[in-house]
Amino acid sequence: MSELTLPTARQRPLDPPDEVTALRQQAPIHRMTYADGHQGWLVTGYAAARAVLAGPHFSNRPENNVHPPIRSARMEAAMRPELMRVPPGFFLRMDAPEHTRYRKLLTGQFTVRRMKMLEPRIQEITETCLDAMEAAGPPVDLVQEFALPIPSLVICELLGVPYEDRDRFQADSKLLVNLETKVDDAVAALGRVSAYLHGLIQRKRKEPADDLLSGLLESGELADDELTGVGVLLLIAGHETTANMLGLGTYALLTNPAQLAAMRDDPSVVENGVEELLRYLTIIHLGPIRTALEDVEIEGVTIKAGESVTIHLPAANRDASRFPDAERLDVTRPAGGHLTFGHGIHQCLGQQLARAEMRIAYPALLRRLPGLRLAVTPEEVPMRSDMTIYGVHRLPVTW
Amino acid sequence: MEIKADTTVCIGAGMCALTVPKVFDQSEDEGTVVVLQDKPPQELEEAVRRAVTLCPSGAISVV
């Protein structure tokens with residue numbers, strides 16, 4: 001039996017656990033014991049991570065992925081499809097060709113061009129949040145005033161979800177990404193978000209508007225329960241991802257002043273700087289996980305049918321064979337090709353939206369408040385080690 | 001250089017359109033790859049190769 005279990009304790013808040021880095025330096029793929037005793041794999045190398053994520057013989061379906069890599073109530077719930085039923089349109093947890101149908105209905109809404117058209121509105125939302133933040137502080141919690149409301153307002157507008165209803169899904173969304181959430185609580189939270197969206201879809205059927213959910217309704221391609229699943233996925237994804245990049249990214253810049261100055265003072269750096277922050281911070285820090293449907297060889301290792309593979313994205317994104325001097329945050333390095341949005345058929349649907357939000361929000365914040373600094377010591381900032389998506393719980397700042 | 005695109009495997013991630021907008025676009029309805037010039041000028045070849053590597057679904061290739 002393998003001695004290795006997944007190391008999760010970080011020595012420094014922005015670096016993957018040292019044991020994981022040491023593993024990557026030894027080999028790209030490792031035997032690992034899962035929390036239920038399953039003998040599966042841990043991938044730490046960049047090329048191997050890409051190969052698994054793009055491999056057609058690796059499944060992401062809940063019933064094929066039943067081995068939690070770490071002891072976590074929430075993760076164990078996710079691994080028990082008989083308890084935690086995902087709604088019918090939840091295409092993230094489907095394989096091709098079933099996945100393809102849903103994805104193709106949505107990709108037209110998230111193209112590079114569509115996201116460009118949203119930029120003026122994202123700019124407005126960002127300025128409004130900055131006005132409110134200036135009026136409220138200093139000091140303020142940057143997460144509550146800036147990092148969370150910007151992506152929340154944007155995804156709500158895009159989907160056609162009233163932002164005033166946010167109390168009905170923001171807390172549940174957070175529960176669903178908390179590793180400590182018990183099975184019953186996770187099931188209830190998913191049930192509440194699904195019921196909320198189902199009700200909203202009924203209202204939109206009577207009164208359609210110019211938004212994504214209404215558009216999908218009008219297309220007639222999806223049944224109401226499928227549309228509910230799609231809505232749940234997009235709403236949660238829209239809340240738990242960019243918000244953490246904005247919070248953690250600001251923390252990273254505030255603790256690396258030369259990088260902050262480059263992002264603030266040189267507009268030509270921003271586009272690449274966003275990619276570098278995505279690479280360096282890799283907020284998807286536990287997984288993704290896939291399970292082989294048949295024997296597959298990856299980098300000379302045979303992964304047998306039924307074996308689970310945990311892909312350590314933070315390690316893969318620090319692979320020195322792909323990114324020279326990978327341990328350093330450098331907003332001017334060519335950081336394209338990082339795996340933070342994943343790879344293969346499940347690569348993030350909303351990535352161009354996330355890029356647009358970050359390219360606007362970081363420089364807007366840094367230019368509006370040139371004196372921005374932490375209101376506590378860096379060690380006092382609570383990190384989201386207890387969540388499936390990494391970041392900061394709070395970011396007390398002053399200026 | 002000649003570009004081949006397979007819209008049946010394309011997942012509309014948009015990496016090609018983001019990387020070389022002069023060569024790649026995305027269709028309005030499905031967001032899948034549209035090749036604007038299948039024989040790109042030499043000065044764009046390197047960027048096209050980068051787009052091929054970045055494509056998550058293997059939908060574009062060059063010969």
# chains A, B, ... in the order shown; residues from 1 in each chain; ligands from 1
>>> interface_residues(of="chain A", to="chain B", cutoff="7 Å", atoms="only C-alpha atoms", output="VMD selection string")
chain A and resid 54 103 to 105 107 to 108 111 to 112 337 343 to 345 347 349
>>> residues_around(residues="A:Val269", least_positions_apart="5", cutoff="9 Å", atoms="only C-alpha atoms", output="PyMOL selection string")
chain A and resi 262-264+274+331-332
>>> write_last_selection(atoms="N, CA and C atoms", output="compact mmCIF listing (two decimals), in the first residue's frame")
# COMPACT_ATOMS: atom_id res chain seq x y z
N ALA A 262 3.86 47.44 -10.87
CA ALA A 262 3.80 47.16 -12.30
C ALA A 262 2.36 47.04 -12.78
N MET A 263 1.50 46.37 -12.01
CA MET A 263 0.10 46.21 -12.39
C MET A 263 -0.63 47.55 -12.37
N ARG A 264 -0.24 48.44 -11.45
CA ARG A 264 -0.92 49.73 -11.30
C ARG A 264 -0.45 50.73 -12.35
N VAL A 274 -2.65 39.32 -15.14
CA VAL A 274 -3.81 38.53 -14.71
C VAL A 274 -3.54 37.04 -14.91
N VAL A 331 4.68 39.38 -12.87
CA VAL A 331 3.55 39.73 -13.73
C VAL A 331 3.95 39.98 -15.19
N THR A 332 5.27 39.99 -15.45
CA THR A 332 5.70 40.22 -16.84
C THR A 332 6.09 38.92 -17.55
>>> select_by_dssp(residues="chain B", states="helix (DSSP H, G or I)", output="list in words")
Met15, Cys16, Ala17, Leu18, Thr19, Gln42, Glu43, Leu44, Glu45, Glu46, Ala47, Val48, Arg49, Arg50, Ala51, Val52, Thr53 and Leu54 of chain B
>>> residues_around(residues="A:Leu281", least_positions_apart="2", cutoff="8 Å", atoms="only C-alpha atoms", output="PyMOL selection string")
chain A and resi 14-15+245+248-249+277-279+283+314
>>> write_last_selection(atoms="C-alpha atoms", output="mmCIF file, in the first residue's frame")
data_model
loop_
_atom_site.group_PDB
_atom_site.id
_atom_site.type_symbol
_atom_site.label_atom_id
_atom_site.label_comp_id
_atom_site.auth_asym_id
_atom_site.auth_seq_id
_atom_site.Cartn_x
_atom_site.Cartn_y
_atom_site.Cartn_z
ATOM 1 C CA LEU A 14 0.740 31.507 -1.448
ATOM 2 C CA ASP A 15 2.774 28.369 -2.092
ATOM 3 C CA MET A 245 -9.046 35.610 -7.367
ATOM 4 C CA LEU A 248 -6.260 36.573 -2.999
ATOM 5 C CA GLY A 249 -4.764 38.444 -5.968
ATOM 6 C CA LEU A 277 -1.841 35.755 -10.882
ATOM 7 C CA LEU A 278 -4.069 32.926 -12.121
ATOM 8 C CA ARG A 279 -1.012 30.670 -12.511
ATOM 9 C CA ILE A 283 -7.206 28.829 -6.344
ATOM 10 C CA PRO A 314 -1.092 24.408 -7.954
#
>>> closest_residue(among="A:Ser385, A:Lys304, A:Ala356, A:Arg71", to="A:Leu118", atoms="only C-alpha atoms")
A:Ala356
>>> atom_distance(atom1="atom CA of A:Leu159", atom2="atom CA of A:Arg101")
19.0 Å
>>> select_by_dssp(residues="chain B", states="strand (DSSP E)", output="ChimeraX atom specification")
/B:3-5,24-26,33-35,60-62
>>> decode(residues="stretch 242-270 of chain A", atoms="N, CA and C atoms", output="CSV table (one decimal), in the first residue's frame")
chain,number,residue,atom,x,y,z
A,242,THR,N,-14.0,34.0,-9.3
A,242,THR,CA,-13.4,35.4,-9.5
A,242,THR,C,-13.3,36.1,-8.2
A,243,ALA,N,-14.3,36.0,-7.4
A,243,ALA,CA,-14.3,36.6,-6.1
A,243,ALA,C,-13.0,36.3,-5.3
A,244,ASN,N,-12.6,35.0,-5.3
A,244,ASN,CA,-11.4,34.6,-4.6
A,244,ASN,C,-10.2,35.0,-5.3
A,245,MET,N,-10.2,35.1,-6.7
A,245,MET,CA,-9.0,35.6,-7.4
A,245,MET,C,-8.8,37.1,-7.0
A,246,LEU,N,-9.9,37.8,-7.0
A,246,LEU,CA,-9.8,39.3,-6.7
A,246,LEU,C,-9.3,39.5,-5.2
A,247,GLY,N,-9.8,38.7,-4.3
A,247,GLY,CA,-9.3,38.8,-2.9
A,247,GLY,C,-7.9,38.4,-2.7
A,248,LEU,N,-7.6,37.1,-3.2
A,248,LEU,CA,-6.3,36.6,-3.0
A,248,LEU,C,-5.2,37.3,-3.9
A,249,GLY,N,-5.7,37.7,-5.1
A,249,GLY,CA,-4.8,38.4,-6.0
A,249,GLY,C,-4.4,39.8,-5.4
A,250,THR,N,-5.3,40.5,-4.7
A,250,THR,CA,-5.0,41.7,-4.1
A,250,THR,C,-4.0,41.5,-2.9
A,251,TYR,N,-4.2,40.4,-2.1
A,251,TYR,CA,-3.3,40.0,-1.1
A,251,TYR,C,-1.9,39.8,-1.6
A,252,ALA,N,-1.8,39.0,-2.7
A,252,ALA,CA,-0.5,38.7,-3.3
A,252,ALA,C,0.2,40.0,-3.8
A,253,LEU,N,-0.6,40.9,-4.4
A,253,LEU,CA,0.0,42.2,-4.8
A,253,LEU,C,0.5,43.0,-3.7
A,254,LEU,N,-0.4,43.1,-2.6
A,254,LEU,CA,0.0,43.9,-1.5
A,254,LEU,C,1.2,43.4,-0.7
A,255,THR,N,1.5,42.1,-0.9
A,255,THR,CA,2.6,41.6,-0.2
A,255,THR,C,3.8,41.4,-1.2
A,256,ASN,N,3.6,41.9,-2.4
A,256,ASN,CA,4.7,41.9,-3.4
A,256,ASN,C,4.7,43.3,-4.1
A,257,PRO,N,5.2,44.3,-3.4
A,257,PRO,CA,5.0,45.7,-3.8
A,257,PRO,C,5.5,46.0,-5.3
A,258,ALA,N,6.6,45.4,-5.7
A,258,ALA,CA,7.1,45.7,-7.0
A,258,ALA,C,6.1,45.2,-8.1
A,259,GLN,N,5.5,44.0,-7.8
A,259,GLN,CA,4.5,43.5,-8.8
A,259,GLN,C,3.3,44.4,-8.8
A,260,LEU,N,2.9,44.8,-7.6
A,260,LEU,CA,1.7,45.7,-7.5
A,260,LEU,C,2.0,47.0,-8.3
A,261,ALA,N,3.1,47.6,-8.2
A,261,ALA,CA,3.5,48.8,-8.9
A,261,ALA,C,3.4,48.6,-10.4
A,262,ALA,N,3.9,47.4,-10.9
A,262,ALA,CA,3.8,47.2,-12.3
A,262,ALA,C,2.4,47.0,-12.8
A,263,MET,N,1.5,46.4,-12.0
A,263,MET,CA,0.1,46.2,-12.4
A,263,MET,C,-0.6,47.5,-12.4
A,264,ARG,N,-0.2,48.4,-11.4
A,264,ARG,CA,-0.9,49.7,-11.3
A,264,ARG,C,-0.5,50.7,-12.4
A,265,ASP,N,0.9,50.7,-12.6
A,265,ASP,CA,1.4,51.8,-13.4
A,265,ASP,C,1.6,51.5,-14.9
A,266,ASP,N,1.5,50.3,-15.3
A,266,ASP,CA,1.8,50.0,-16.7
A,266,ASP,C,0.6,49.2,-17.3
A,267,PRO,N,-0.3,49.8,-18.0
A,267,PRO,CA,-1.5,49.2,-18.5
A,267,PRO,C,-1.1,48.0,-19.4
A,268,SER,N,0.1,48.0,-20.1
A,268,SER,CA,0.4,46.9,-21.0
A,268,SER,C,0.8,45.6,-20.2
A,269,VAL,N,1.0,45.7,-18.9
A,269,VAL,CA,1.3,44.6,-18.1
A,269,VAL,C,0.0,43.8,-17.6
A,270,VAL,N,-1.1,44.5,-17.6
A,270,VAL,CA,-2.3,44.0,-16.9
A,270,VAL,C,-2.7,42.6,-17.5
